Structure formats: C-alpha cells, structure tokens
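Below is input_6.tsv, which holds TSV, C-alpha atoms.
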chain	number	residue	atom	x	y	z
A	1	MET	CA	0.00	0.00	0.00
A	2	GLY	CA	1.28	3.46	-0.82
A	3	ALA	CA	1.67	6.13	1.79
A	4	ARG	CA	-1.50	7.93	2.72
A	5	ARG	CA	-2.32	11.10	4.57
A	6	SER	CA	-6.10	11.17	4.73
A	7	ILE	CA	-8.41	13.77	6.19
A	8	GLY	CA	-7.90	11.78	9.35
A	9	SER	CA	-4.59	13.58	9.65
A	10	LEU	CA	-6.59	16.59	10.82
A	11	ILE	CA	-8.53	14.77	13.52
A	12	GLY	CA	-5.82	15.22	16.15
A	13	PRO	CA	-5.01	18.93	16.41
A	14	VAL	CA	-8.05	20.25	14.54
A	15	GLY	CA	-10.71	18.04	16.06
A	16	VAL	CA	-9.49	18.32	19.62
A	17	LEU	CA	-8.93	22.07	19.40
A	18	CYS	CA	-12.35	22.74	17.88
A	19	ALA	CA	-14.04	20.47	20.43
A	20	ALA	CA	-12.31	22.24	23.28
A	21	VAL	CA	-13.22	25.67	21.93
A	22	CYS	CA	-16.86	24.63	21.57
A	23	LEU	CA	-16.91	23.32	25.13
A	24	LEU	CA	-15.43	26.54	26.47
A	25	LEU	CA	-17.80	28.77	24.56
A	26	GLY	CA	-20.78	26.56	25.32
A	27	ALA	CA	-19.99	26.84	29.01
A	28	GLY	CA	-19.70	30.60	28.72
A	29	LEU	CA	-15.97	30.44	29.37
A	30	ALA	CA	-14.52	32.27	26.41
A	31	PRO	CA	-10.72	32.35	26.54
A	32	ALA	CA	-8.99	35.51	27.64
A	33	SER	CA	-7.91	37.97	24.99
A	34	ALA	CA	-4.65	37.28	23.25
A	35	SER	CA	-1.51	38.98	24.38
A	36	PRO	CA	1.43	39.39	22.00
A	37	GLY	CA	3.90	38.06	24.53
A	38	ARG	CA	4.05	36.70	28.04
A	39	SER	CA	6.81	37.00	30.58
A	40	THR	CA	9.27	34.15	30.25
A	41	PRO	CA	10.87	32.65	33.36
A	42	SER	CA	14.58	31.90	33.31
A	43	ARG	CA	13.81	28.24	32.74
A	44	LEU	CA	10.55	27.13	31.18
A	45	PRO	CA	8.55	24.18	32.44
A	46	VAL	CA	8.37	21.21	30.07
A	47	THR	CA	5.45	18.82	29.70
A	48	TYR	CA	5.41	15.71	27.55
A	49	ASP	CA	1.85	15.73	26.23
A	50	PHE	CA	0.80	16.73	22.72
A	51	LEU	CA	-2.53	18.01	24.04
A	52	ASP	CA	-0.78	20.67	26.12
A	53	GLY	CA	-0.26	22.66	22.93
A	54	ILE	CA	-4.00	22.84	22.46
A	55	ARG	CA	-4.45	23.88	26.07
A	56	ALA	CA	-1.87	26.62	25.51
A	57	GLU	CA	-3.80	27.92	22.51
A	58	LEU	CA	-7.03	28.02	24.48
A	59	ALA	CA	-5.33	29.86	27.34
A	60	ASN	CA	-3.69	32.40	25.03
A	61	PRO	CA	-5.70	32.60	21.78
A	62	GLY	CA	-3.59	33.65	18.84
A	63	GLY	CA	-0.49	34.00	20.97
A	64	SER	CA	2.89	32.31	21.02
A	65	LEU	CA	4.30	29.79	23.43
A	66	PRO	CA	6.50	31.29	26.16
A	67	GLY	CA	10.05	31.74	24.93
A	68	THR	CA	9.13	31.63	21.23
A	69	ASN	CA	8.90	34.34	18.58
A	70	ASP	CA	11.06	36.74	20.55
A	71	PHE	CA	12.52	38.78	17.72
A	72	SER	CA	14.97	40.44	20.09
A	73	CYS	CA	16.63	37.06	20.75
A	74	ARG	CA	20.23	36.81	19.59
A	75	PRO	CA	21.85	33.43	18.87
A	76	THR	CA	24.83	32.38	20.97
A	77	ALA	CA	28.19	30.94	20.02
A	78	ARG	CA	26.99	27.54	21.25
A	79	HIS	CA	23.80	27.74	19.16
A	80	PRO	CA	24.54	30.25	16.39
A	81	ARG	CA	21.39	29.63	14.36
A	82	PRO	CA	17.75	30.25	15.32
A	83	VAL	CA	15.43	27.25	15.13
A	84	ILE	CA	12.16	27.48	13.22
A	85	LEU	CA	9.45	24.98	14.19
A	86	VAL	CA	7.06	24.21	11.31
A	87	HIS	CA	3.78	22.54	12.28
A	88	GLY	CA	1.68	19.97	10.44
A	89	SER	CA	-1.83	20.01	8.93
A	90	GLY	CA	-4.29	21.71	11.23
A	91	GLY	CA	-1.54	22.66	13.64
A	92	GLY	CA	-0.22	26.03	14.70
A	93	ARG	CA	2.62	27.78	16.41
A	94	GLN	CA	1.26	26.81	19.83
A	95	THR	CA	-0.72	23.62	19.29
A	96	ASN	CA	2.14	21.65	17.76
A	97	TRP	CA	5.08	22.57	19.95
A	98	ALA	CA	4.25	22.57	23.67
A	99	THR	CA	7.08	20.10	24.34
A	100	LEU	CA	9.86	20.95	21.91
A	101	ALA	CA	9.59	24.74	22.15
A	102	PRO	CA	10.51	25.00	25.84
A	103	ILE	CA	13.10	22.23	25.54
A	104	LEU	CA	14.91	24.11	22.79
A	105	LYS	CA	14.58	27.45	24.56
A	106	ASN	CA	15.94	25.97	27.79
A	107	ASP	CA	18.89	24.61	25.83
A	108	GLY	CA	19.78	28.12	24.70
A	109	TYR	CA	18.25	28.35	21.23
A	110	CYS	CA	16.35	31.28	19.80
A	111	VAL	CA	13.08	29.56	18.93
A	112	PHE	CA	10.55	30.72	16.37
A	113	ALA	CA	7.31	29.20	15.15
A	114	PRO	CA	4.86	30.48	12.53
A	115	THR	CA	1.30	29.49	11.86
A	116	TYR	CA	1.23	29.18	8.08
A	117	GLY	CA	-1.58	28.38	5.67
A	118	ALA	CA	-4.48	29.41	7.93
A	119	LEU	CA	-7.75	30.07	6.10
A	120	SER	CA	-8.69	33.05	8.26
A	121	SER	CA	-7.05	35.66	10.46
A	122	VAL	CA	-9.94	35.33	12.94
A	123	TRP	CA	-9.53	33.02	15.93
A	124	PRO	CA	-10.00	30.05	16.28
A	125	ALA	CA	-9.60	29.46	12.53
A	126	SER	CA	-6.37	31.46	12.68
A	127	ALA	CA	-4.89	28.76	14.92
A	128	LEU	CA	-5.55	26.01	12.37
A	129	GLY	CA	-2.70	26.20	9.89
A	130	GLY	CA	-1.60	24.21	6.88
A	131	LEU	CA	-5.07	24.10	5.36
A	132	GLY	CA	-4.73	26.36	2.34
A	133	PRO	CA	-2.93	25.96	-0.98
A	134	LYS	CA	0.55	24.63	-0.39
A	135	LEU	CA	2.21	27.36	-2.45
A	136	ASP	CA	0.63	29.96	-0.17
A	137	SER	CA	2.01	28.03	2.80
A	138	ALA	CA	5.50	27.93	1.30
A	139	TRP	CA	5.42	31.69	0.85
A	140	ASP	CA	4.29	32.12	4.44
A	141	VAL	CA	7.28	30.07	5.60
A	142	LYS	CA	9.63	32.00	3.31
A	143	GLU	CA	8.51	35.38	4.60
A	144	PHE	CA	8.68	34.20	8.20
A	145	ALA	CA	12.18	32.76	7.74
A	146	ASP	CA	13.36	35.95	6.04
A	147	ARG	CA	12.03	37.95	8.98
A	148	VAL	CA	13.75	35.66	11.50
A	149	MET	CA	17.10	35.92	9.73
A	150	ALA	CA	16.84	39.69	9.42
A	151	ALA	CA	15.93	40.13	13.08
A	152	THR	CA	18.58	37.77	14.47
A	153	GLY	CA	21.35	38.73	12.07
A	154	SER	CA	21.71	35.09	11.06
A	155	SER	CA	22.29	33.98	7.48
A	156	GLN	CA	21.11	30.46	8.31
A	157	VAL	CA	18.43	28.79	10.39
A	158	ASP	CA	17.75	25.26	11.53
A	159	VAL	CA	14.33	23.76	10.74
A	160	VAL	CA	12.33	21.24	12.76
A	161	GLY	CA	9.19	20.20	10.90
A	162	HIS	CA	6.33	17.85	11.63
A	163	SER	CA	4.30	16.02	8.98
A	164	LEU	CA	3.24	18.64	6.40
A	165	GLY	CA	5.80	20.90	8.04
A	166	THR	CA	8.53	18.68	6.64
A	167	GLU	CA	7.39	19.30	3.07
A	168	ILE	CA	6.56	23.01	3.00
A	169	PRO	CA	10.03	24.31	4.02
A	170	THR	CA	11.60	22.11	1.35
A	171	TYR	CA	9.76	24.05	-1.35
A	172	TRP	CA	11.03	27.31	0.16
A	173	MET	CA	14.57	25.97	0.13
A	174	LYS	CA	14.44	24.67	-3.43
A	175	TYR	CA	12.49	27.41	-5.19
A	176	LEU	CA	11.75	30.45	-3.01
A	177	GLY	CA	15.25	31.57	-2.11
A	178	GLY	CA	15.91	29.32	0.88
A	179	ARG	CA	18.81	27.45	-0.71
A	180	GLY	CA	21.88	27.84	1.48
A	181	HIS	CA	19.91	29.26	4.40
A	182	VAL	CA	19.31	25.99	6.31
A	183	ALA	CA	22.02	24.08	8.14
A	184	HIS	CA	20.07	21.33	9.93
A	185	TYR	CA	16.69	20.00	8.80
A	186	VAL	CA	14.93	17.68	11.25
A	187	SER	CA	11.77	15.96	10.02
A	188	LEU	CA	9.29	14.33	12.42
A	189	ALA	CA	6.93	11.91	10.65
A	190	PRO	CA	7.84	12.93	7.09
A	191	TYR	CA	6.45	11.24	3.98
A	192	TRP	CA	9.01	11.72	1.24
A	193	ARG	CA	8.06	8.64	-0.79
A	194	GLN	CA	4.46	9.31	-1.69
A	195	GLY	CA	2.35	11.08	-4.27
A	196	PRO	CA	-0.24	13.83	-3.82
A	197	ASP	CA	-2.42	13.57	-0.72
A	198	ASP	CA	-5.52	15.15	0.76
A	199	ASP	CA	-3.59	18.29	1.68
A	200	ASP	CA	-2.77	18.75	-2.02
A	201	ALA	CA	-6.36	18.09	-3.09
A	202	ARG	CA	-7.82	20.47	-0.51
A	203	GLY	CA	-5.39	23.23	-1.39
A	204	GLU	CA	-6.04	22.86	-5.11
A	205	ALA	CA	-9.81	22.95	-4.50
A	206	ILE	CA	-9.48	26.15	-2.46
A	207	GLU	CA	-7.34	27.73	-5.15
A	208	THR	CA	-9.87	26.79	-7.87
A	209	PHE	CA	-12.74	28.15	-5.77
A	210	ARG	CA	-10.84	31.37	-5.11
A	211	ARG	CA	-10.16	31.93	-8.78
A	212	GLY	CA	-13.76	31.06	-9.67
A	213	LEU	CA	-14.87	33.92	-7.45
A	214	GLY	CA	-12.36	36.25	-9.04
A	215	ILE	CA	-10.31	36.51	-5.86
A	216	PRO	CA	-6.68	37.21	-6.77
A	217	ASP	CA	-3.84	35.15	-5.39
A	218	PRO	CA	-2.20	36.62	-2.29
A	219	ALA	CA	0.16	39.50	-3.00
A	220	ARG	CA	3.77	38.40	-2.86
A	221	PRO	CA	6.94	40.48	-2.75
A	222	ALA	CA	9.47	40.58	-5.53
A	223	CYS	CA	11.72	37.55	-5.31
A	224	PRO	CA	14.79	37.77	-7.54
A	225	GLU	CA	16.26	34.83	-5.63
A	226	CYS	CA	13.34	32.56	-6.54
A	227	THR	CA	13.62	29.89	-9.22
A	228	ALA	CA	10.87	28.13	-11.13
A	229	PRO	CA	10.13	24.48	-10.34
A	230	PRO	CA	10.46	21.95	-13.17
A	231	LYS	CA	7.79	22.28	-15.83
A	232	ASN	CA	4.68	20.14	-15.60
A	233	THR	CA	5.19	19.31	-11.93
A	234	ASP	CA	2.69	19.82	-9.15
A	235	PHE	CA	3.77	20.87	-5.65
A	236	ASN	CA	4.28	17.29	-4.55
A	237	ARG	CA	6.58	16.43	-7.43
A	238	ALA	CA	8.41	19.75	-7.27
A	239	VAL	CA	9.39	18.95	-3.68
A	240	ARG	CA	10.48	15.38	-4.42
A	241	VAL	CA	12.05	15.51	-7.91
A	242	PRO	CA	14.80	14.58	-8.30
A	243	THR	CA	15.22	14.59	-4.49
A	244	PRO	CA	13.91	16.61	-1.56
A	245	TYR	CA	17.47	16.99	-0.27
A	246	LEU	CA	20.00	19.72	-0.97
A	247	PRO	CA	23.78	19.57	-0.55
A	248	GLY	CA	25.17	21.31	2.50
A	249	VAL	CA	22.22	20.48	4.76
A	250	GLU	CA	22.32	17.94	7.59
A	251	TYR	CA	19.01	16.03	7.33
A	252	THR	CA	17.50	13.81	10.02
A	253	ASN	CA	14.27	11.88	9.43
A	254	ILE	CA	12.54	10.59	12.59
A	255	VAL	CA	9.69	8.13	12.08
A	256	THR	CA	7.59	5.75	14.15
A	257	ARG	CA	6.25	2.33	13.21
A	258	ASP	CA	3.04	3.26	15.06
A	259	ASP	CA	2.27	6.19	12.78
A	260	GLU	CA	-1.41	5.94	11.92
A	261	ILE	CA	-1.39	8.78	9.36
A	262	VAL	CA	1.74	8.16	7.28
A	263	VAL	CA	1.17	4.58	6.16
A	264	PRO	CA	3.49	2.83	5.66
A	265	TYR	CA	5.73	4.70	8.07
A	266	ALA	CA	8.70	3.85	5.83
A	267	ALA	CA	7.50	6.54	3.42
A	268	GLY	CA	9.52	8.86	5.61
A	269	LEU	CA	12.74	6.89	5.23
A	270	LEU	CA	14.63	8.10	2.19
A	271	ASP	CA	18.35	7.99	1.61
A	272	GLY	CA	19.99	10.94	-0.06
A	273	PRO	CA	21.97	10.99	-3.30
A	274	THR	CA	25.70	11.48	-3.43
A	275	GLY	CA	26.65	14.85	-2.02
A	276	THR	CA	23.88	14.96	0.58
A	277	HIS	CA	23.88	13.93	4.22
A	278	VAL	CA	20.77	12.12	5.48
A	279	ARG	CA	20.18	10.13	8.65
A	280	ASN	CA	17.06	7.98	9.02
A	281	ILE	CA	15.85	7.01	12.51
A	282	VAL	CA	13.02	4.63	13.48
A	283	VAL	CA	12.30	5.36	17.14
A	284	GLN	CA	11.46	1.72	17.98
A	285	ASN	CA	14.74	0.32	16.68
A	286	ASP	CA	16.43	0.51	20.08
A	287	CYS	CA	13.37	0.99	22.27
A	288	PRO	CA	10.29	-1.18	21.73
A	289	GLN	CA	8.55	0.69	24.58
A	290	ASP	CA	8.23	3.74	22.33
A	291	HIS	CA	4.68	3.68	20.92
A	292	SER	CA	4.62	7.27	19.76
A	293	ASP	CA	2.11	7.94	17.01
A	294	HIS	CA	1.82	10.72	14.45
A	295	MET	CA	1.17	13.32	17.15
A	296	SER	CA	3.16	12.19	20.16
A	297	ILE	CA	6.33	11.81	18.10
A	298	THR	CA	6.65	15.56	18.77
A	299	SER	CA	5.99	15.29	22.49
A	300	ASN	CA	8.21	12.84	24.32
A	301	ARG	CA	11.62	12.61	25.95
A	302	ARG	CA	13.10	10.29	23.34
A	303	SER	CA	12.20	12.39	20.32
A	304	ALA	CA	13.32	15.52	22.14
A	305	ALA	CA	16.78	14.06	22.76
A	306	ILE	CA	17.05	12.91	19.14
A	307	VAL	CA	16.11	16.38	17.91
A	308	LEU	CA	18.65	18.05	20.20
A	309	ASN	CA	21.38	15.69	18.98
A	310	ALA	CA	20.45	16.34	15.35
A	311	LEU	CA	20.69	20.09	15.86
A	312	ASP	CA	23.91	19.93	17.86
A	313	PRO	CA	25.82	16.75	16.98
A	314	MET	CA	29.00	18.13	18.54
A	315	HIS	CA	27.44	17.86	21.99
A	316	PRO	CA	25.52	14.55	21.96
A	317	ARG	CA	23.38	13.53	24.90
A	318	PRO	CA	21.93	10.14	25.85
A	319	VAL	CA	18.62	9.20	24.24
A	320	PRO	CA	16.49	7.63	26.97
A	321	CYS	CA	14.37	4.57	26.37
A	322	VAL	CA	11.11	5.38	28.14
A	323	PRO	CA	7.52	4.31	27.53
A	324	VAL	CA	5.84	6.64	25.04
A	325	GLN	CA	2.10	6.55	24.50
A	326	PRO	CA	0.08	7.60	21.47
A	327	VAL	CA	-1.14	11.23	21.50
A	328	ILE	CA	-0.04	12.14	25.00
A	329	GLY	CA	3.61	11.15	24.65
A	330	GLY	CA	5.73	10.50	27.72

Take the structure in this file and express it as structure tokens.
Amino acid sequence: MGARRSIGSLIGPVGVLCAAVCLLLGAGLAPASASPGRSTPSRLPVTYDFLDGIRAELANPGGSLPGTNDFSCRPTARHPRPVILVHGSGGGRQTNWATLAPILKNDGYCVFAPTYGALSSVWPASALGGLGPKLDSAWDVKEFADRVMAATGSSQVDVVGHSLGTEIPTYWMKYLGGRGHVAHYVSLAPYWRQGPDDDDARGEAIETFRRGLGIPDPARPACPECTAPPKNTDFNRAVRVPTPYLPGVEYTNIVTRDDEIVVPYAAGLLDGPTGTHVRNIVVQNDCPQDHSDHMSITSNRRSAAIVLNALDPMHPRPVPCVPVQPVIGG
C-alpha cells in the first residue's frame, strides 16, 4: 500500500482544538484575549503531552508559546542559528510545539514558530494552519524565515518540521530563495516517498474556488532569488524531484512504526543521493517501549533528545528509552 495522509490527519489537532473551543464557549468560558507576549521565566517548564499545545492555545488565543517568537533574541556561540518549528496540517505555532519549544529554549536556542496556511485571520480558525494551498504556505514560511534571519542577524536557520511541516520548508529551500539558508533540517513523521495527498487536493480545491470567485492570489513580494520548479510538476513532485534533499544540509528523518497517518511509516525513510547527508531514525529500533504515534512523536523525551542531537551533533546527549504513548507522549 502506498503512503496515505487522509483527512484523518486533521482529527488530532483540529478536532481536539475545535471540540475544546466549543466546550469553552458553550460553558460561557470564552478564553482571555490574546496577548502578544508573556513573561518568560529563566527556565521554562516542560510537559510531555501533545494536548498541552491545544491547552496553551485556548489559554492564550492567537499568541505564542513562552520563549518563542522573541525577535529580540540573539543566537549564541553555542547555538549560532535560530530554530524554526514548522507545524503539520491543522496545527499552529502553539498547538504543535508545547514540548519541543521549551526544551529548545531551555537549551539556549532562539526559537521561532509560525502558523502558516491558515484560512482566516480570525480566531479560532487562525490557529488552524496548513489548510490552504501549499504554495501559499511555502510563501508564508519564506517570509517568516526571512524575517527571523533579518531580526537575528543570522544567514542560516535550523528547521524542525512535523508532517506537512517537513514538506513546506523544502519548497522554500528549493524554489523560493531558501537554498543555502538551512544548516540542519529535522523531520518528524515525514512522507518523502508518496504522491499527492488530501492536503494537495484540498489546497487545489481552495485555489480553484478562489479563482472562480475572481479573488486574486495573495500578494507576494518581488523575489529575484526565486527559481521556477520543473515544468509540468505539481507541488508534490516539485518537492520530491529529483530529491527533496539539498547539498550542504544535515538532514535527520525521525519516524515511528506506530504512525497511523503516514502509512506505511517507511514513506519517511529516504536515503539521499551522493553529495547529501541524510540520517534515518526509526524510534522503535532501540526501544520497543516507544509507541509514539503521528502526534506524540513531537511530544516525548526520546524524540526531544534525538532532535537536540540532530541540531547539535557536537554535543551529543543520551537518548532515553522510556515508555511513550500515542497522543499524550511520555
């Protein structure tokens, strides 16, 4: 069976977030108004539960997780590049990263996270990203990355993506001026070896509907650094042909055998051609207790240690073997 990413890929973050919002509003407990930033303690608390990202969004609608999106942050000699966290379908800058954001911030990184591809700027729809046309999403990531590099004075960033968030930055790197601007690229639950999926179909339908109504495509800045994708290729093929990998980037793919969305999970295991550096990791290979699924692969101690080692291989740390549960992590 080929890899699939059905509409079920939205059930986790989208379904739970919408259900929680409905419960809050139905009980007359509308969330407090969003604040652009909250005070950040010297060391942030870390929880290992994917659902805590949704709770964070409900507590701070439209906001950012503590310690993230601080455009006054300056990278250190130990961690000279800011890290950009790129969520999956239906995710957002808070809902996807309740575990990894504070871990990275506590380790000394400047941490940034966009919500890309949202269909509305009005909450709660604004918190549900990755739902629009993929080209729009790639431009969102490009503009966010350009802003991060300008603010931090860095010519490169590191990327940690989840699911759809492993594909969208690749398009930026290959065609929208991102080539040479990424040093480490860490992919959680990627799906490199598959054809178009429901995210492609939904985005194309939205684009067709938009044009049918005479709504112009989003305005985009001049991009002399952009290059055209190969002719007669859709977004999916443009990302994957001839390879999703670029020379000069350290790639790490992290997958789980218990992934219920990317099926088979091995769709995320792809070696790179000569001149590229790619490491493929199956989390169960040395720890059968790890039952992380498509969501909790972002929210557990094992994955966190693997991500830290991928971003900073010069200072490796032990990767613990601990029980990891679906959805809630561990």

With a cut-off of 6 Å, could you pull out the residues of region 155-232 of chain A touching region 122-143 of chain A and give me the nearest pair of atoms for each, distance in Å to one decimal, using all atoms listed in the file, ordered by chain and ascending number, as CSV?
residue,atom,partner,partner_atom,distance
A:Ile168,CA,A:Ala138,CA,5.3
A:Trp172,CA,A:Ala138,CA,5.7
A:Gly203,CA,A:Pro133,CA,3.7

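Distance-wise, CA of Ala228 (chain A) and CA of Asp271 (chain A) end up 25.0 Å apart.
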
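Distance-wise, CA of Thr276 (chain A) and CA of Asp197 (chain A) end up 26.4 Å apart.
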
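Shortest separation to Asp198 (chain A) among A:Val182, A:Ser303, A:Val83, A:Ser89 occurs at residue A:Ser89, atoms counted being only C-alpha atoms.
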
Kindly extract all protein, DNA and RNA residues lying within 7 Å of the coordinates (12.8, 19.4, 22.0) given in the file, considering only C-alpha atoms, and supply them as a PDB file with C-alpha atoms, keeping the file's coordinate frame.
ATOM      1  CA  THR A  99       7.080  20.100  24.340  1.00  0.00           C
ATOM      2  CA  LEU A 100       9.860  20.950  21.910  1.00  0.00           C
ATOM      3  CA  ALA A 101       9.590  24.740  22.150  1.00  0.00           C
ATOM      4  CA  ILE A 103      13.100  22.230  25.540  1.00  0.00           C
ATOM      5  CA  LEU A 104      14.910  24.110  22.790  1.00  0.00           C
ATOM      6  CA  ALA A 304      13.320  15.520  22.140  1.00  0.00           C
ATOM      7  CA  ALA A 305      16.780  14.060  22.760  1.00  0.00           C
ATOM      8  CA  VAL A 307      16.110  16.380  17.910  1.00  0.00           C
ATOM      9  CA  LEU A 308      18.650  18.050  20.200  1.00  0.00           C
TER      10      LEU A 308
END

Distance query Thr243 (chain A) at most 8 Å, only C-alpha atoms, self and fewer than 3 positions along chain excluded, as a ChimeraX atom specification: /A:239-240,246,272-273

For region 48-64 of chain A, I'd like the enclosing box, axis-aligned and padded by 3 Å on every side, reported as AutoDock Vina command-line options with centre and edge lengths in Å to one decimal.
--center_x -0.8 --center_y 24.9 --center_z 23.2 --size_x 18.4 --size_y 24.3 --size_z 14.7

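Taking CA of Gly177 (chain A) and CA of Asn232 (chain A) as the two end points, the separation is 20.6 Å.
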
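Here the question is which of A:Ile281, A:Leu51, A:Val111, A:Leu119 gets nearest to Thr152 (chain A) using only C-alpha atoms, and that residue is A:Val111.
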
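Closest approach to Tyr265 (chain A) among A:Glu57, A:Asp293, A:Asp286, A:Glu250 is made by A:Asp293 (distances from all atoms listed in the file).
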
Non-local contacts of Gly180 (chain A) (8 Å; all atoms listed in the file; under 4 positions in same chain excluded) as a PyMOL selection string: chain A and resi 156+173+248

Of the candidates A:Phe50, A:Val282, A:Asn60, A:Asp107, which shows the shortest atom-to-atom distance to Arg317 (chain A), using all atoms listed in the file? A:Asp107

Residues near Arg147 (chain A), cut-off 12 Å, all atoms listed in the file, skip fewer than 4 positions along chain, as number ranges by chain: A: 69-72, 82, 84, 112-114, 140-143, 151-157

May I have the residues within 9 Å of Ala56 (chain A) as JSON, numbers by chain, using all atoms listed in the file and disregarding those fewer than 5 positions away in the same chain? {"A": [51, 61, 63, 64, 65, 94, 95, 98]}

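Ranking A:Thr252, A:Thr68, A:Thr227, A:Thr298 by their shortest atom-to-atom distance to Ala310 (chain A), with only C-alpha atoms included, puts A:Thr252 first.
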
Around (-2.7, 22.1, -6.4), as given in the file, which residues come within 8 Å? Count all atoms listed in the file and list them as an MDAnalysis selection string. chainID A and resid 133:134 200:205 207 234:235

Minimum-distance residue to Met295 (chain A), chosen among A:Asp312, A:Glu260, A:Asp217, A:Glu225 (using all atoms listed in the file): A:Glu260

Could you rebuild region 231-239 of chain A with all heavy atoms and give it back as an mmCIF file, keeping the file's coordinate frame?
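After the write, out22.cif holds the following:
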data_model
loop_
_atom_site.group_PDB
_atom_site.id
_atom_site.type_symbol
_atom_site.label_atom_id
_atom_site.label_comp_id
_atom_site.auth_asym_id
_atom_site.auth_seq_id
_atom_site.Cartn_x
_atom_site.Cartn_y
_atom_site.Cartn_z
ATOM 1 N N LYS A 231 9.060 22.171 -15.116
ATOM 2 C CA LYS A 231 7.790 22.280 -15.830
ATOM 3 C C LYS A 231 6.946 21.024 -15.645
ATOM 4 O O LYS A 231 7.460 19.918 -15.500
ATOM 5 C CB LYS A 231 8.046 22.524 -17.320
ATOM 6 C CG LYS A 231 8.650 23.886 -17.621
ATOM 7 C CD LYS A 231 8.819 24.089 -19.121
ATOM 8 C CE LYS A 231 9.391 25.476 -19.433
ATOM 9 N NZ LYS A 231 9.561 25.688 -20.896
ATOM 10 N N ASN A 232 5.657 21.232 -15.666
ATOM 11 C CA ASN A 232 4.680 20.140 -15.600
ATOM 12 C C ASN A 232 4.810 19.314 -14.329
ATOM 13 O O ASN A 232 4.622 18.091 -14.338
ATOM 14 C CB ASN A 232 4.809 19.226 -16.833
ATOM 15 C CG ASN A 232 4.609 19.986 -18.126
ATOM 16 O OD1 ASN A 232 3.703 20.815 -18.242
ATOM 17 N ND2 ASN A 232 5.464 19.726 -19.102
ATOM 18 N N THR A 233 5.152 19.988 -13.223
ATOM 19 C CA THR A 233 5.190 19.310 -11.930
ATOM 20 C C THR A 233 4.250 20.015 -10.973
ATOM 21 O O THR A 233 4.200 21.241 -10.937
ATOM 22 C CB THR A 233 6.602 19.302 -11.323
ATOM 23 O OG1 THR A 233 7.079 20.652 -11.213
ATOM 24 C CG2 THR A 233 7.564 18.483 -12.142
ATOM 25 N N ASP A 234 3.498 19.233 -10.207
ATOM 26 C CA ASP A 234 2.690 19.820 -9.150
ATOM 27 C C ASP A 234 3.578 20.038 -7.922
ATOM 28 O O ASP A 234 4.776 19.754 -7.937
ATOM 29 C CB ASP A 234 1.486 18.933 -8.826
ATOM 30 C CG ASP A 234 1.880 17.513 -8.439
ATOM 31 O OD1 ASP A 234 3.068 17.274 -8.088
ATOM 32 O OD2 ASP A 234 1.011 16.621 -8.488
ATOM 33 N N PHE A 235 2.996 20.551 -6.851
ATOM 34 C CA PHE A 235 3.770 20.870 -5.650
ATOM 35 C C PHE A 235 4.466 19.616 -5.120
ATOM 36 O O PHE A 235 5.656 19.653 -4.772
ATOM 37 C CB PHE A 235 2.847 21.459 -4.592
ATOM 38 C CG PHE A 235 3.577 22.073 -3.420
ATOM 39 C CD1 PHE A 235 3.798 23.433 -3.370
ATOM 40 C CD2 PHE A 235 4.024 21.289 -2.366
ATOM 41 C CE1 PHE A 235 4.461 24.015 -2.289
ATOM 42 C CE2 PHE A 235 4.690 21.849 -1.285
ATOM 43 C CZ PHE A 235 4.907 23.213 -1.243
ATOM 44 N N ASN A 236 3.732 18.529 -5.084
ATOM 45 C CA ASN A 236 4.280 17.290 -4.550
ATOM 46 C C ASN A 236 5.529 16.855 -5.311
ATOM 47 O O ASN A 236 6.562 16.536 -4.713
ATOM 48 C CB ASN A 236 3.205 16.192 -4.596
ATOM 49 C CG ASN A 236 3.685 14.865 -4.050
ATOM 50 O OD1 ASN A 236 4.408 14.140 -4.724
ATOM 51 N ND2 ASN A 236 3.290 14.539 -2.841
ATOM 52 N N ARG A 237 5.438 16.859 -6.610
ATOM 53 C CA ARG A 237 6.580 16.430 -7.430
ATOM 54 C C ARG A 237 7.713 17.443 -7.380
ATOM 55 O O ARG A 237 8.888 17.062 -7.381
ATOM 56 C CB ARG A 237 6.124 16.224 -8.877
ATOM 57 C CG ARG A 237 5.117 15.107 -9.066
ATOM 58 C CD ARG A 237 5.752 13.745 -8.845
ATOM 59 N NE ARG A 237 6.708 13.407 -9.902
ATOM 60 C CZ ARG A 237 7.597 12.421 -9.818
ATOM 61 N NH1 ARG A 237 7.668 11.690 -8.718
ATOM 62 N NH2 ARG A 237 8.410 12.160 -10.824
ATOM 63 N N ALA A 238 7.367 18.720 -7.324
ATOM 64 C CA ALA A 238 8.410 19.750 -7.270
ATOM 65 C C ALA A 238 9.266 19.578 -6.022
ATOM 66 O O ALA A 238 10.483 19.792 -6.053
ATOM 67 C CB ALA A 238 7.782 21.135 -7.304
ATOM 68 N N VAL A 239 8.642 19.182 -4.909
ATOM 69 C CA VAL A 239 9.390 18.950 -3.680
ATOM 70 C C VAL A 239 10.285 17.718 -3.806
ATOM 71 O O VAL A 239 11.436 17.720 -3.348
ATOM 72 C CB VAL A 239 8.413 18.767 -2.491
ATOM 73 C CG1 VAL A 239 9.119 18.151 -1.286
ATOM 74 C CG2 VAL A 239 7.789 20.106 -2.108
#
